[in-house]
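Colleague: This is the structure I want to talk about, given as structure tokens.
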Amino acid sequence: MSKKYNVAVVGANGAVGEEILAILHEVSFPINKLVPLASSRSLGKSVEFGNREIAIKELTDTVFEEENIEIALFSAGGSVSAQFAEAAVRAGAVVIDNTSHFRMDKNIPLVVPEVNPEDIAKWKKSGIIANPNCSTIQMVQALKPLDEAYTLTRVDVSTYQATSGAGKSAMEELVTQMKDFFSFKLGDSEHKAFKHQIALNVIPQIDVFLENGYTKEEMKMVNETTKIMHREIPLSATCVRVPTLRGHAEALTLTFAQDVDANEARELLKKAPNIIVLDNPSESIYPMPSISLEKNETFVGRIRNDTFSKNMLHMFIVADNLRVGAATNAVRIAQKWVEMEEEK
């Protein structure tokens, strides 16, 4: 019988933490003991796991050792990971971190299991495995099989990112603004989560602007793709916040070292792990955020050749950012880690 593990979920009552718990249950992860962790403000609250309610424990430097935690999934923000991840490692746990804090550390693997599962083996150097940014994960899942077949020379991407990428309060802000719109008082509606009104609007800014004119979110896509794919692929991103609640969409323009055929590329993507091709434009079948909700796959469609260059391909991809872009990827890393540990 396979071993069962003591698993902690840090930020268990946050948007991503709740999805991690749901997926751990869905995949029947080998759990001996589940310990939901959050700040002292959440004491007295509980989380749902399957048909059970489990009380939240306070996140402290000593809780990982006290609970004999072996796998710690962090999703409570970069500052929390910076403060507590090393305590979990010292207690003997492998940390799978869903924040940006450790992603570009050269000693910490940045993993998308469908793309670079072999990098998980590098976890012992630091005790930590980093989960990439939501917009990066779904993109590289689609890039990998096409890069292997045709060799990518450039990627241009525009994203259409849901408000949930900015947290629960951002989702609530969109809902409040829409209510205010129907009450004819949208002009008076507050906007704290975003620089501008998000209802009935799109905002071409996610995170802060850097000196090069790109935002931090856009440069995450550039730098993380290089680390995950193990080579520098010229990439330019424009990241846009749109008034949807959940599900990130991306329009990709891909340039290859050789000519590419859209039909052949479509078949390659159909065979790729955890990708579903939805591509029948004549019947209005293509990926949309509404299709991706609570799904663990990345949806790809609108696959077509460029009208001028034979080595260019265009496509549209969508995934649930709280699942594929965060929780699902973290749990898949944990599953692969377990497999590798048990193979020893």
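Simple scheme: letters A, B, ... for chains in structure tokens order, numbers from 1 for residues in each chain, numbers from 1 for ligands in the order shown.
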Applying 8 Å and only C-alpha atoms, which residues near Asn321 of chain A remain after dropping the ones on its own chain fewer than 2 positions away? List them as a ChimeraX atom specification.

Modeller: /A:134-135,162,164-165,246-248,319,323-326

Colleague: List the spatial neighbours of Glu217 of chain A as number ranges by chain - criterion: any atom at most 12 Å away, only C-alpha atoms, same-chain residues fewer than 6 positions off excluded.

Modeller: A: 100, 132-136, 158-159, 161, 165-166, 204-210, 223-224, 236-241

Colleague: From the set A:Val112, A:Leu24, A:Ala265, A:Ile203, which residue has the shortest atom-to-atom contact distance to Tyr160 of chain A, counting only C-alpha atoms?

Modeller: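 Of A:Val112, A:Leu24, A:Ala265, A:Ile203, the one nearest Tyr160 of chain A is A:Ile203, counting only C-alpha atoms.
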
Colleague: Show which residues sit within 7 Å of Val155 of chain A, as a compact mmCIF listing (two decimals) with N, CA, C and O atoms, in the first residue's frame. Count only C-alpha atoms, and ignore same-chain residues fewer than 4 positions away.

Modeller:
```txt
# COMPACT_ATOMS: atom_id res chain seq x y z
N PRO A 234 12.24 34.44 -27.25
CA PRO A 234 11.77 35.83 -27.28
C PRO A 234 10.25 35.89 -27.11
O PRO A 234 9.51 35.22 -27.85
N LEU A 235 9.80 36.66 -26.13
CA LEU A 235 8.38 36.69 -25.80
C LEU A 235 7.98 38.10 -25.41
O LEU A 235 8.69 38.77 -24.66
N SER A 236 6.86 38.56 -25.94
CA SER A 236 6.30 39.85 -25.56
C SER A 236 4.86 39.64 -25.11
O SER A 236 4.09 38.96 -25.80
N THR A 253 0.29 34.43 -30.64
CA THR A 253 0.88 34.39 -31.97
C THR A 253 2.24 33.74 -31.83
O THR A 253 3.11 34.24 -31.11
N LEU A 254 2.43 32.62 -32.51
CA LEU A 254 3.64 31.81 -32.36
C LEU A 254 4.42 31.79 -33.67
O LEU A 254 3.86 31.53 -34.74
N THR A 255 5.71 32.05 -33.55
CA THR A 255 6.60 32.02 -34.72
C THR A 255 7.58 30.87 -34.55
O THR A 255 8.17 30.70 -33.47
```

Colleague: May I have the residues within 7 Å of Ala38 of chain A as a ChimeraX atom specification, using only C-alpha atoms and disregarding those fewer than 2 positions away in the same chain?

Modeller: /A:10-12,36,40,42,56-59

Colleague: Keeping only all heavy atoms, write those residues as a PDB file, in the first residue's frame.

Modeller:
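Output below, filename part-v4.pdb:
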```
ATOM      1  N   VAL A  10      -1.543  26.078   3.542  1.00  0.00           N
ATOM      2  CA  VAL A  10      -1.390  27.414   4.122  1.00  0.00           C
ATOM      3  C   VAL A  10      -2.228  28.403   3.311  1.00  0.00           C
ATOM      4  O   VAL A  10      -2.091  28.478   2.091  1.00  0.00           O
ATOM      5  CB  VAL A  10       0.096  27.839   4.129  1.00  0.00           C
ATOM      6  CG1 VAL A  10       0.240  29.242   4.709  1.00  0.00           C
ATOM      7  CG2 VAL A  10       0.934  26.839   4.921  1.00  0.00           C
ATOM      8  N   GLY A  11      -3.074  29.149   3.996  1.00  0.00           N
ATOM      9  CA  GLY A  11      -4.046  29.996   3.301  1.00  0.00           C
ATOM     10  C   GLY A  11      -5.231  29.167   2.873  1.00  0.00           C
ATOM     11  O   GLY A  11      -5.816  29.371   1.805  1.00  0.00           O
ATOM     12  N   ALA A  12      -5.633  28.228   3.735  1.00  0.00           N
ATOM     13  CA  ALA A  12      -6.655  27.235   3.371  1.00  0.00           C
ATOM     14  C   ALA A  12      -8.021  27.843   3.109  1.00  0.00           C
ATOM     15  O   ALA A  12      -8.827  27.254   2.380  1.00  0.00           O
ATOM     16  CB  ALA A  12      -6.758  26.181   4.480  1.00  0.00           C
ATOM     17  N   PRO A  36      -5.335  22.413   7.830  1.00  0.00           N
ATOM     18  CA  PRO A  36      -5.539  23.730   7.212  1.00  0.00           C
ATOM     19  C   PRO A  36      -4.957  24.817   8.105  1.00  0.00           C
ATOM     20  O   PRO A  36      -5.212  24.843   9.311  1.00  0.00           O
ATOM     21  CB  PRO A  36      -7.061  23.850   7.124  1.00  0.00           C
ATOM     22  CG  PRO A  36      -7.641  22.742   7.921  1.00  0.00           C
ATOM     23  CD  PRO A  36      -6.554  21.893   8.451  1.00  0.00           C
ATOM     24  N   SER A  40      -4.071  34.033  12.686  1.00  0.00           N
ATOM     25  CA  SER A  40      -4.865  33.963  13.916  1.00  0.00           C
ATOM     26  C   SER A  40      -6.272  34.531  13.728  1.00  0.00           C
ATOM     27  O   SER A  40      -7.195  34.172  14.469  1.00  0.00           O
ATOM     28  CB  SER A  40      -4.147  34.701  15.051  1.00  0.00           C
ATOM     29  OG  SER A  40      -3.917  36.055  14.688  1.00  0.00           O
ATOM     30  N   SER A  42      -8.293  33.768  11.569  1.00  0.00           N
ATOM     31  CA  SER A  42      -9.190  32.712  11.095  1.00  0.00           C
ATOM     32  C   SER A  42      -9.450  31.631  12.135  1.00  0.00           C
ATOM     33  O   SER A  42     -10.165  30.661  11.849  1.00  0.00           O
ATOM     34  CB  SER A  42      -8.615  32.060   9.825  1.00  0.00           C
ATOM     35  OG  SER A  42      -8.550  33.002   8.771  1.00  0.00           O
ATOM     36  N   ILE A  56      -9.527  25.244  11.294  1.00  0.00           N
ATOM     37  CA  ILE A  56      -8.287  25.902  10.883  1.00  0.00           C
ATOM     38  C   ILE A  56      -7.370  26.074  12.084  1.00  0.00           C
ATOM     39  O   ILE A  56      -7.810  26.464  13.172  1.00  0.00           O
ATOM     40  CB  ILE A  56      -8.594  27.277  10.252  1.00  0.00           C
ATOM     41  CG1 ILE A  56      -9.327  27.093   8.919  1.00  0.00           C
ATOM     42  CG2 ILE A  56      -7.324  28.100  10.058  1.00  0.00           C
ATOM     43  CD1 ILE A  56      -9.831  28.381   8.306  1.00  0.00           C
ATOM     44  N   LYS A  57      -6.106  25.777  11.885  1.00  0.00           N
ATOM     45  CA  LYS A  57      -5.088  26.004  12.914  1.00  0.00           C
ATOM     46  C   LYS A  57      -4.295  27.257  12.562  1.00  0.00           C
ATOM     47  O   LYS A  57      -4.193  27.630  11.393  1.00  0.00           O
ATOM     48  CB  LYS A  57      -4.150  24.801  13.038  1.00  0.00           C
ATOM     49  CG  LYS A  57      -4.809  23.547  13.605  1.00  0.00           C
ATOM     50  CD  LYS A  57      -3.790  22.423  13.732  1.00  0.00           C
ATOM     51  CE  LYS A  57      -4.443  21.153  14.290  1.00  0.00           C
ATOM     52  NZ  LYS A  57      -4.725  21.272  15.731  1.00  0.00           N
ATOM     53  N   GLU A  58      -3.694  27.863  13.584  1.00  0.00           N
ATOM     54  CA  GLU A  58      -2.923  29.075  13.358  1.00  0.00           C
ATOM     55  C   GLU A  58      -1.569  28.752  12.721  1.00  0.00           C
ATOM     56  O   GLU A  58      -0.877  27.816  13.137  1.00  0.00           O
ATOM     57  CB  GLU A  58      -2.700  29.827  14.672  1.00  0.00           C
ATOM     58  CG  GLU A  58      -1.961  31.146  14.474  1.00  0.00           C
ATOM     59  CD  GLU A  58      -1.782  31.932  15.756  1.00  0.00           C
ATOM     60  OE1 GLU A  58      -2.245  31.468  16.818  1.00  0.00           O
ATOM     61  OE2 GLU A  58      -1.167  33.023  15.682  1.00  0.00           O
ATOM     62  N   LEU A  59      -1.210  29.530  11.719  1.00  0.00           N
ATOM     63  CA  LEU A  59       0.093  29.402  11.073  1.00  0.00           C
ATOM     64  C   LEU A  59       1.169  30.007  11.969  1.00  0.00           C
ATOM     65  O   LEU A  59       1.142  31.206  12.273  1.00  0.00           O
ATOM     66  CB  LEU A  59       0.076  30.117   9.718  1.00  0.00           C
ATOM     67  CG  LEU A  59       1.392  30.196   8.955  1.00  0.00           C
ATOM     68  CD1 LEU A  59       1.913  28.813   8.606  1.00  0.00           C
ATOM     69  CD2 LEU A  59       1.225  31.041   7.698  1.00  0.00           C
TER      70      LEU A  59
END
```

Colleague: Can you pull out every residue from segment 212-317 of chain A that DSSP, working from the backbone, puts in strand (DSSP E or B), and format the result as an MDAnalysis selection string?

Modeller: chainID A and resid 215 235:241 248:256 275:277 280 285 298:305 312:317

Colleague: Please, could you write that set of residues out with N, CA, C and O atoms as a compact mmCIF listing (two decimals), in the first residue's frame?

Modeller:
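The result, stored in selection.txt:
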```
# COMPACT_ATOMS: atom_id res chain seq x y z
N THR A 215 4.57 45.66 -17.56
CA THR A 215 4.18 45.46 -16.17
C THR A 215 4.92 44.26 -15.59
O THR A 215 5.46 43.42 -16.32
N LEU A 235 9.80 36.66 -26.13
CA LEU A 235 8.38 36.69 -25.80
C LEU A 235 7.98 38.10 -25.41
O LEU A 235 8.69 38.77 -24.66
N SER A 236 6.86 38.56 -25.94
CA SER A 236 6.30 39.85 -25.56
C SER A 236 4.86 39.64 -25.11
O SER A 236 4.09 38.96 -25.80
N ALA A 237 4.51 40.19 -23.94
CA ALA A 237 3.17 40.00 -23.39
C ALA A 237 2.50 41.35 -23.15
O ALA A 237 3.15 42.32 -22.75
N THR A 238 1.20 41.40 -23.38
CA THR A 238 0.36 42.52 -22.96
C THR A 238 -0.74 41.91 -22.10
O THR A 238 -1.57 41.15 -22.61
N CYS A 239 -0.73 42.23 -20.81
CA CYS A 239 -1.68 41.60 -19.88
C CYS A 239 -2.80 42.58 -19.53
O CYS A 239 -2.54 43.70 -19.08
N VAL A 240 -4.02 42.11 -19.71
CA VAL A 240 -5.19 42.97 -19.58
C VAL A 240 -6.20 42.35 -18.60
O VAL A 240 -6.50 41.15 -18.68
N ARG A 241 -6.68 43.17 -17.67
CA ARG A 241 -7.73 42.72 -16.74
C ARG A 241 -9.09 42.98 -17.39
O ARG A 241 -9.34 44.08 -17.89
N HIS A 248 -8.90 32.71 -17.17
CA HIS A 248 -8.03 33.58 -17.97
C HIS A 248 -8.01 33.11 -19.42
O HIS A 248 -7.92 31.91 -19.70
N ALA A 249 -8.06 34.07 -20.34
CA ALA A 249 -7.95 33.77 -21.77
C ALA A 249 -6.69 34.43 -22.32
O ALA A 249 -6.24 35.46 -21.81
N GLU A 250 -6.12 33.82 -23.36
CA GLU A 250 -4.90 34.35 -23.97
C GLU A 250 -4.96 34.17 -25.48
O GLU A 250 -5.33 33.10 -25.97
N ALA A 251 -4.60 35.22 -26.21
CA ALA A 251 -4.44 35.14 -27.66
C ALA A 251 -2.96 35.03 -27.95
O ALA A 251 -2.18 35.91 -27.58
N LEU A 252 -2.57 33.93 -28.60
CA LEU A 252 -1.16 33.66 -28.87
C LEU A 252 -0.84 33.79 -30.35
O LEU A 252 -1.59 33.30 -31.20
N THR A 253 0.29 34.43 -30.64
CA THR A 253 0.88 34.39 -31.97
C THR A 253 2.24 33.74 -31.83
O THR A 253 3.11 34.24 -31.11
N LEU A 254 2.43 32.62 -32.51
CA LEU A 254 3.64 31.81 -32.36
C LEU A 254 4.42 31.79 -33.67
O LEU A 254 3.86 31.53 -34.74
N THR A 255 5.71 32.05 -33.55
CA THR A 255 6.60 32.02 -34.72
C THR A 255 7.58 30.87 -34.55
O THR A 255 8.17 30.70 -33.47
N PHE A 256 7.75 30.09 -35.61
CA PHE A 256 8.59 28.88 -35.53
C PHE A 256 9.78 28.96 -36.48
O PHE A 256 9.81 29.78 -37.40
N ILE A 275 -4.81 18.96 -22.16
CA ILE A 275 -5.28 19.98 -23.10
C ILE A 275 -6.51 19.45 -23.83
O ILE A 275 -6.54 18.28 -24.25
N ILE A 276 -7.54 20.27 -23.95
CA ILE A 276 -8.73 19.93 -24.72
C ILE A 276 -8.84 20.92 -25.87
O ILE A 276 -8.86 22.14 -25.64
N VAL A 277 -8.89 20.41 -27.08
CA VAL A 277 -9.04 21.26 -28.27
C VAL A 277 -10.52 21.47 -28.55
O VAL A 277 -11.28 20.50 -28.72
N ASN A 280 -14.08 24.43 -33.63
CA ASN A 280 -15.00 24.27 -34.75
C ASN A 280 -15.73 25.60 -34.97
O ASN A 280 -16.89 25.78 -34.60
N ILE A 285 -17.79 26.99 -31.92
CA ILE A 285 -17.18 26.21 -30.84
C ILE A 285 -15.72 26.64 -30.70
O ILE A 285 -14.92 26.48 -31.64
N THR A 298 -6.67 22.78 -19.87
CA THR A 298 -6.52 24.00 -20.64
C THR A 298 -7.19 23.80 -21.99
O THR A 298 -6.97 22.78 -22.66
N PHE A 299 -8.01 24.76 -22.38
CA PHE A 299 -8.79 24.65 -23.62
C PHE A 299 -8.14 25.49 -24.72
O PHE A 299 -7.79 26.66 -24.49
N VAL A 300 -7.98 24.89 -25.89
CA VAL A 300 -7.29 25.55 -27.01
C VAL A 300 -8.18 25.54 -28.25
O VAL A 300 -8.82 24.53 -28.57
N GLY A 301 -8.24 26.67 -28.94
CA GLY A 301 -9.03 26.75 -30.17
C GLY A 301 -8.60 27.91 -31.04
O GLY A 301 -7.56 28.53 -30.79
N ARG A 302 -9.41 28.22 -32.06
CA ARG A 302 -9.07 29.26 -33.05
C ARG A 302 -7.65 29.03 -33.60
O ARG A 302 -6.91 29.98 -33.86
N ILE A 303 -7.27 27.77 -33.78
CA ILE A 303 -5.93 27.44 -34.28
C ILE A 303 -5.91 27.69 -35.78
O ILE A 303 -6.68 27.09 -36.54
N ARG A 304 -5.02 28.59 -36.22
CA ARG A 304 -5.02 28.95 -37.64
C ARG A 304 -3.65 29.46 -38.06
O ARG A 304 -2.90 30.00 -37.26
N ASN A 305 -3.36 29.24 -39.33
CA ASN A 305 -2.11 29.76 -39.90
C ASN A 305 -2.20 31.27 -40.08
O ASN A 305 -3.29 31.83 -40.26
N MET A 312 4.10 30.95 -38.99
CA MET A 312 3.39 31.56 -37.86
C MET A 312 2.03 30.91 -37.66
O MET A 312 1.36 30.53 -38.63
N LEU A 313 1.65 30.81 -36.39
CA LEU A 313 0.40 30.18 -36.01
C LEU A 313 -0.29 31.08 -34.97
O LEU A 313 0.37 31.70 -34.13
N HIS A 314 -1.62 31.15 -35.03
CA HIS A 314 -2.38 31.92 -34.05
C HIS A 314 -3.35 30.98 -33.35
O HIS A 314 -3.88 30.04 -33.96
N MET A 315 -3.62 31.24 -32.06
CA MET A 315 -4.58 30.41 -31.31
C MET A 315 -5.09 31.17 -30.10
O MET A 315 -4.54 32.20 -29.71
N PHE A 316 -6.15 30.62 -29.51
CA PHE A 316 -6.79 31.21 -28.34
C PHE A 316 -6.88 30.14 -27.28
O PHE A 316 -7.36 29.02 -27.55
N ILE A 317 -6.40 30.44 -26.07
CA ILE A 317 -6.40 29.43 -25.01
C ILE A 317 -7.05 29.99 -23.75
O ILE A 317 -6.94 31.18 -23.45
```

Colleague: Would you kindly return, as a compact mmCIF listing (two decimals) with all heavy atoms, in the first residue's frame, each protein, DNA or RNA residue with an atom no farther than 8 Å from any atom of Ser46 of chain A, considering only C-alpha atoms and excluding same-chain residues fewer than 5 positions away?

Modeller:
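To be explicit, this is the file written out as around28.txt:
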```txt
# COMPACT_ATOMS: atom_id res chain seq x y z
N GLU A 53 -15.88 18.92 7.98
CA GLU A 53 -15.43 20.26 8.34
C GLU A 53 -14.19 20.10 9.21
O GLU A 53 -14.22 19.37 10.21
CB GLU A 53 -16.51 21.03 9.11
CG GLU A 53 -17.74 21.35 8.29
CD GLU A 53 -17.50 22.48 7.28
OE1 GLU A 53 -16.69 23.37 7.59
OE2 GLU A 53 -18.11 22.45 6.20
N ILE A 54 -13.09 20.77 8.82
CA ILE A 54 -11.84 20.66 9.58
C ILE A 54 -11.47 22.04 10.11
O ILE A 54 -11.43 23.02 9.34
CB ILE A 54 -10.70 20.10 8.72
CG1 ILE A 54 -11.09 18.74 8.14
CG2 ILE A 54 -9.41 19.97 9.53
CD1 ILE A 54 -10.05 18.13 7.21
N ALA A 55 -11.21 22.12 11.39
CA ALA A 55 -10.90 23.41 12.02
C ALA A 55 -9.56 23.95 11.53
O ALA A 55 -8.60 23.20 11.36
CB ALA A 55 -10.87 23.25 13.54
N ILE A 56 -9.53 25.24 11.29
CA ILE A 56 -8.29 25.90 10.88
C ILE A 56 -7.37 26.07 12.08
O ILE A 56 -7.81 26.46 13.17
CB ILE A 56 -8.59 27.28 10.25
CG1 ILE A 56 -9.33 27.09 8.92
CG2 ILE A 56 -7.32 28.10 10.06
CD1 ILE A 56 -9.83 28.38 8.31
```

Colleague: Could you check which of A:Asp119, A:Asp279, A:Asp61, A:Glu173 is closest to Thr244 of chain A, using only C-alpha atoms?

Modeller: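 Closest candidate: A:Glu173.
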
Colleague: Can you tell me which residues surround Thr62 of chain A at a distance of at most 9 Å, considering only C-alpha atoms, apart from same-chain residues fewer than 6 positions away, and format the answer as an NGL selection string?

Modeller: :A and (87-88 or 91)

Colleague: Taking C-alpha atoms for each residue, export the selection above as a PDB file, in the first residue's frame.

Modeller:
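Saved as again-v2.pdb:
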```pdb
ATOM      1  CA  ALA A  87      10.158  26.779   8.916  1.00  0.00           C
ATOM      2  CA  ALA A  88       8.219  24.107   7.034  1.00  0.00           C
ATOM      3  CA  ALA A  91      10.500  20.591   9.930  1.00  0.00           C
TER       4      ALA A  91
END
```

Colleague: What is the distance between atom CA of Ile129 of chain A and atom CA of Pro109 of chain A, in Å to one decimal?

Modeller: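 If I compute the distance from atom CA of Ile129 of chain A to atom CA of Pro109 of chain A, I get 5.3 Å.
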
Colleague: Residues at most 8 Å from segment 177-187 of chain A, counting only C-alpha atoms, excluding those fewer than 6 positions away in the same chain, as a PyMOL selection string?

Modeller: chain A and resi 197-199

Colleague: Among segment 48-236 of chain A, which ones does DSSP place in alpha helix (DSSP H), written as a count of residues only?

Modeller: 63

Colleague: Point out the residue among A:Asn274, A:Asn13, A:Asn32, A:Asn131 with the least atom-to-atom distance to Ile69 of chain A, counting only C-alpha atoms.

Modeller: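 Smallest separation from Ile69 of chain A among the options: A:Asn32.
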
Colleague: Would you mind reading off the distance between atom CA of Val331 of chain A and atom CA of Arg90 of chain A, one decimal, in Å?

Modeller: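 Going from atom CA of Val331 of chain A over to atom CA of Arg90 of chain A, I get 21.5 Å.
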
Colleague: Using only C-alpha atoms, which residue out of A:Tyr5, A:Glu19, A:Ala262, A:Phe49 lies closest to Lys33 of chain A?

Modeller: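 Among A:Tyr5, A:Glu19, A:Ala262, A:Phe49, it is A:Tyr5 that comes nearest to Lys33 of chain A.
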
Colleague: For Val9 of chain A, which of A:Val338, A:Ala330, A:Val89, A:Ala82 is the closest residue, counting only C-alpha atoms?

Modeller: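 Counting only C-alpha atoms, the residue closest to Val9 of chain A is A:Ala330.
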
Colleague: What does the distance from atom CA of Lys168 of chain A to atom CA of Ala93 of chain A come to in Å, to one decimal?

Modeller: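 Computing the Euclidean distance for atom CA of Lys168 of chain A and atom CA of Ala93 of chain A yields 28.5 Å.
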